[in-house]
Each structure stands twice: as structure tokens, then as C-alpha cells.
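> Got a structure here, written out as C-alpha cells. Questions coming.
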Amino acid sequence: MSAITYADVNKDILQTMVRPKPAYFLVLSGAALMLLIGVLSLAIQIDTGMGLVGVTHPIGWGFYITNFVFWIGIGHAGTLISAVLFLTRAPWRNPIYRASEAMTVFAVMTAGLFPLIHVGRNWYAYFLLPYPNQRMLWTNFKSPLEWDVFAVTTYLSISVTFFIIGLIPDFAAMRDSSVGIRRQIFTLMAAGWTNSYQHWLHYMRGYLILAALSTPLVFSVHSIVSFDFAMSFMPGWHTTIFPPYFVAGAIFSGMAMVLTIIIPLRSIFGLEKYVTHHVLQSSARLILFTSFIVGYAYTTEVFIAWYSGVSFERSLFYFRLFGEFADRTPYSEGHQLGAPTLAFWVMYFCNVISPLPLWRFKIRNNLMALFIISILINIGMWFERYNIIVSSLQRDFDPFTWGTYWPTVIETGVTVGSFGFFFTMFFLFVRAMPSMAIAELKEGLPAPRKNKQAH
Amino acid sequence: MIKPKPFKGVWGSFEYLDETCSVIRKLREQKKDYSVLSPFHHYELQEAMGNPSSRIPFITLCFGGMGIFFGYGFPSWTALQWVLPVSAKPIVSIPPFTIIGFEMMVLLGGLSTALGMFVLANLQLRKEPLPSSAAYKNYGRFSNDRFGVVVRCGEQEAAEVERLMRAHSAEEVIRESN
């Protein structure tokens, strides 16, 4: 980036907000259509009731909780990039951290919708909040579900704060380069930012502290989400590996989503000189690393199920991998290739096998290959959540309580709508705000010096 | 509310970082009352200013501590308000409340840090005002590609500061008296 000047950064990033290519509107329309499908499906569900969705005894958690866990996981990469990589001083984060932070905010917003949708009678969603009933009986603070409320709301609050704080110097740059009503709006949004060291000093100190607070938050949030399962005694859920397994999976899926959105963004807005191949390669390496952790977790789960000697665990994992005990061949009469079995192998292929080509430099350097792998990982991680949640509920301890789960059109529509919501929000964001951090991009450029010999 | 002091002094803009740092070091040696402007945070500028400190960590510590206290205290209080024994489990159980304590620490610590940044900076700006002229407000390059130095001083010192800035390749040097 040596040929780029500070003024070029302002010009290039601010132009993304002026006139995007037609491809932008095409992508936005697609996302808006998906959102419309979701809104319609949800409206029908609210009007008719939860009977329209596939969750019923004994499978009380289906697509909606799968989506909740999936979207919380997607959010993790943003905080990892903005906080953890800031503390470790990884310069390749600078061009992608703003988009990743926006991704975190929108992903956690999307995730937050699902407990509200899942409760059925959405107008009672406030039951989740910690408040007492008429007889002063409070919510159960020892319940993992209540921990979730605290973890997710804290995560959303801190992510939004981090996101807005990072935007303020850029709003000041937009204020200084605009006129008329836009200038007035950006003056308000810049919150009196002066670019003086009275601001920079407290800002950088505060930013460092926010990063330090957010780092354990990244690891805690998905650990707490995993406690929703691990604190129970269901086969396949009651395991100590869940917190690190969930966190690694979250970072893995989040990094894949970063690539899914950054690669089109880069070409739509012509940001190739900032989002370089080095940035994409570094992201790909992180994906490869977390893929190994996730693959190791899958293997360990199965091994521990066998090694524990607990018949319920053993039979559940057999069910996840191969389906029913009695039906050993997929095509035998009366056999249905169960959704958990399908989910397991899709998950395994997408999360463990499909990232393997990233070992090769040529693949990491190939945008189309990276994009395809990132989409496969997103699919795989969604199926991982589905596989964990649904298969354990299908095969409890007592065969009398076993059941099956198939999603309905309504649940599928709401799931499609969640992707629509996320991408619509994201693509509206890149049009309305700088999608890259102007101030931080300048940090990566050599400063202009009169005495060039001194450095 | 503290009224900002009126600005009286000189401000200059610079293209080069090393020249800006030289001016800052000289102003610091001469114990002048100055402020520095930059499109982004640069450690060389901070070092030239003598690494001034911020009280933000103290704010985070206070509010983070309050968060921990609230996170343990509130669930304990609710548990004791209506005692619900579940098998032999303790009524006030520390491990599950640690999660609430941690989350509240991060929440209060984080929000107070964000708010504290602006409160502290604006309080400091009231004591150390920047120019308020149209020329300064419309300059606009301190958020783009120029470094700046603002010196609050009287008429007599202003000429000396102007000379110093021009000697270090200042692009523009403007004397103001509001």
C-alpha cells in the first residue's frame, strides 16, 4: 500500500457511499426478497400459531434455536478481528475490521430475534428479562437460559458500542468533506470530534480497554450459549468439550462469513488495493486453523462417547453417524435417511474436508475458490448446530420418548428471512457508512517525512 | 457547565510527521500551552508530547467493579428474598452468579469507558480550547491528510511561535484572537 496517500484513503472509502455499481442493487434486491419471505412466514406464524412449525414433543428446539446458535457464532469473527487482533497487533485486520464489526452487530441482532420468534407468543417475549412477578419471585439466575439473556444482551451492547466508537473519527472525516444537509447530519454523528489529541488520547486508551473487555467476552458468549446444552444431561449434550468446541466453531463460521461478504464487497466497490490478497490469505489461514480445532472436536466427541462406555451416548453417536441401529443400509426397505445423519455428513464434509484445499497457496490466492469454500463452511456450520440440537432431542434415554423432526415451510421461510435480514442490513450499511476504517487504514501507510533518511 | 475559554493564539498545518514532531518537542521544552491535531492516532506524536496519560482506566475500574458487585449481589439478594431449595444446592450459589458478575462487569465497564472518553475529552477541551474561527472550521484537512499544532498564547509569544512553525515547513500559519 506504499503508493497510497492519506488523501487517497479518504477519497476511495468515501466514494463507496456515493455511486455503487448495478451489482450492488442486484445483491440488495436479492437480500430484500429473502427478507420479505421471512416477514411473510413470520406473519403467518404469529397469526396462526406455533402449530405451523415442526417443533413438537419431544423436539422442542428446531430450526429457530439452530438459527440462534448459528447467528451468534457468525458474530464472533467481528469481535475477534476488532478486539483480539487489535490486541495482538495484526495489521491485516485494518481493511476488514469495520465490515466484520458491522457483521457482528447485524448477526447478533438476527440471533436475538430467534428466542423471541421461538417463544411463540411474541408479545410475551419480555418474560425473558429479569423482573419479578407480583409476589416478588425473580427469574432463576442459576439457569443457563437466563445467563444467555445476560450474555447476548451484553454482547450486543458492547459490539454496538465498539462499532459506533470506531465510526466516530470517520464521521468527522465525512463531516469535513461534505456540505449542506449531509454536513449537518455528519456533524451530529461525529459527536464533536476534533481530531485533536484531547480526543485521540482518551479514544485510544478507551479503545484498548474496550478491546481488552471484548476479548474475554468473545470467548464467554459462545461458552455460555454452549452451556444451554452442556448443563443438561441429554446424551450428546452433556459434555465438557462444548465451550471450546463452540467458540472455535464460532470463529470458524464467522471468518467464513467475513470472506463471504468481503469478497463481493471488494469487487463491487473496487477496494482491491486495500483488501489485498495478503488480507484474504491471512483470513484463510485462520479458517484452516479453526477448521482443525473443529475437526478435532468432532472426533473427540465420538471417541469419548465410545470410551465412556455409556450406552446412551454410544447409541446416540451411532444414530448421528449412521442412522437407526436396525437399518444398516441406506436403501433398505422402509429406511429413511434421517436428517441428523445427513446433517452430520454435510457438516463433516463442509467443515473438515472442504477447507483442506486452503493448504495450497494457489487456492488461498484464488478468490472464487475462497468464496466457494466460505459458503460451504457457512452451510456446514449451520448443519453442525442443527446436528447438535436436533439429534439429541430425537434420541433421549427412553425409546418411548423418541421422536422425529421435520421443519415446515414456515420455519424454512423464517430461516431464509434471517439471511435476508442480515444481508439487507449489511448492504444498507455499506452504502450509508464507511465500510472500512479510514483512520486505521492510514495507520498502515508510511507517514510523510521531510527527512526521509531518519527512518 | 464549564464555559470554554476563548481561544487566543496561533495554529498551523503540516504535511510532514517528523517536522510536526520537532515543533511539538520544542513547544514542550518551552512549556507552551498547545494541542496537536492528526487524521489518526500516531505513536510518534504521542511520544513527542511526552506520553500524556488518560484517566479512562480509572473510570473502567470503578464501573467494572460496580458491575461485579451488582452481578453477584443482585442474584444473591433475589435468591434470599424467596428461598427455593433445590435438592442440596446452596441458595446463594457463587459459580452461576459468576457469569452474571462477569457480564455485568463487561457491560458497565465497557459502556462507562465509551462515555468516559467523550466526557474527559470535552472537559479537557473546555480548559484547552481550539480555534473557533470560520477559517479553522472550514479547513477540514486535519481529518484527511494534514497534521496540526494549535498554540494558546498572547500576542507577544505568537510571533515567536509563528517563526518556529514556519521554520519547520508549516503550510499555513494563522494567528487568531477570538
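Identifiers in this document derive from the order of the C-alpha cells: chains are assigned A, B, ..., residues are numbered from 1 separately in each chain, and ligands are numbered from 1 in order of occurrence.
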Tell me, as a ChimeraX atom specification, which residues lie within 10 Å of Ser35 (chain B), counting only C-alpha atoms; anything in the same chain fewer than 6 positions away does not count.
/A:196-198 /B:11,24,49,125,128-130,148-152
> Find the spatial neighbours of region 257-266 of chain A, counting only C-alpha atoms, within a cut-off of 9 Å - ignore same-chain residues fewer than 4 positions away - and output them as a VMD selection string.
chain A and resid 24 74 77 to 78 96 99 to 100 103 252 to 253 270 to 272 274 to 275 280 283 to 284 367 to 368 370 to 372 374 to 375 377 to 378 423 426 to 427 430
> B:Gln124, B:Gln30, B:Ser132, B:Ser22: which is nearest chain A, counting only C-alpha atoms?
B:Gln124
> If we count only C-alpha atoms and set the cut-off at 8 Å, which residues sit around Thr424 (chain A), ignoring sequence neighbours fewer than 4 positions away in its own chain? Please answer as a VMD selection string.
chain A and resid 28 31 to 32 35 420 428
> Can you write out the residues you just picked, keeping C-alpha atoms, as a PDB file, in the first residue's frame?

ATOM      1  CA  LEU A  28     -29.518  -5.820  -2.203  1.00  0.00           C
ATOM      2  CA  ALA A  31     -31.446  -9.943   0.139  1.00  0.00           C
ATOM      3  CA  ALA A  32     -34.596  -7.835   0.424  1.00  0.00           C
ATOM      4  CA  LEU A  35     -36.270 -10.772   3.990  1.00  0.00           C
ATOM      5  CA  GLY A 420     -32.262 -11.774   4.132  1.00  0.00           C
ATOM      6  CA  LEU A 428     -27.547  -0.890   3.528  1.00  0.00           C
TER       7      LEU A 428
END
> Residues of chain A within 8 Å of chain B: nearest atom pair and distance (Å, one decimal) for each, counting only C-alpha atoms, sorted by chain and number, as CSV?

residue,atom,partner,partner_atom,distance
A:Thr5,CA,B:Asp145,CA,7.9
A:Tyr6,CA,B:Asp145,CA,5.1
A:Ala7,CA,B:Asp145,CA,5.4
A:Asn10,CA,B:Asn144,CA,6.5
A:Met136,CA,B:Trp82,CA,7.7
A:Leu137,CA,B:Trp82,CA,6.3
A:Trp138,CA,B:Thr78,CA,6.2
A:Phe141,CA,B:Pro75,CA,6.1
A:Lys142,CA,B:Pro96,CA,5.4
A:Ser143,CA,B:Pro96,CA,7.9
A:Trp147,CA,B:Ile100,CA,6.6
A:Phe150,CA,B:Glu103,CA,6.5
A:Ala151,CA,B:Glu103,CA,6.2
A:Thr154,CA,B:Leu107,CA,5.6
A:Ser157,CA,B:Leu107,CA,7.3
A:Ile158,CA,B:Gly110,CA,6.5
A:Thr161,CA,B:Ala114,CA,7.1
A:Ile165,CA,B:Ala114,CA,7.2
A:Pro169,CA,B:Ser143,CA,7.8
A:Ala172,CA,B:Ser143,CA,6.8
A:Ala173,CA,B:Ser143,CA,5.0
A:Asp176,CA,B:Gly140,CA,4.9
A:Ser177,CA,B:Gly140,CA,7.0
A:Thr194,CA,B:Leu37,CA,7.8
A:Asn195,CA,B:Leu37,CA,5.4
A:Ser196,CA,B:Leu37,CA,4.1
A:Tyr197,CA,B:Val36,CA,5.5
A:Gln198,CA,B:Ala121,CA,5.2
A:His199,CA,B:Ala121,CA,5.2
A:Trp200,CA,B:His41,CA,6.1
A:Leu201,CA,B:Ser54,CA,6.8
A:His202,CA,B:Met117,CA,5.2
A:Tyr203,CA,B:Met117,CA,5.7
A:Met204,CA,B:His41,CA,7.5
A:Arg205,CA,B:Ile56,CA,6.8
A:Gly206,CA,B:Thr113,CA,5.8
A:Ile209,CA,B:Pro57,CA,7.3
A:Leu210,CA,B:Gly110,CA,5.8
A:Leu213,CA,B:Val106,CA,6.0
A:Ser214,CA,B:Val106,CA,7.7
A:Leu217,CA,B:Val106,CA,7.6
A:Ala439,CA,B:Phe40,CA,5.0
A:Glu440,CA,B:Phe40,CA,7.0
A:Lys442,CA,B:Phe40,CA,7.0
A:Glu443,CA,B:Phe40,CA,7.0
A:Ala447,CA,B:Leu17,CA,6.4
A:Pro448,CA,B:Tyr16,CA,5.1
A:Arg449,CA,B:Tyr16,CA,4.7
A:Lys450,CA,B:Tyr16,CA,5.9
A:Asn451,CA,B:Asp18,CA,7.3
> Just how far from CA of His76 (chain A) is CA of Ser267 (chain A), in Å to one decimal?
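These two atoms are separated by 24.4 Å.
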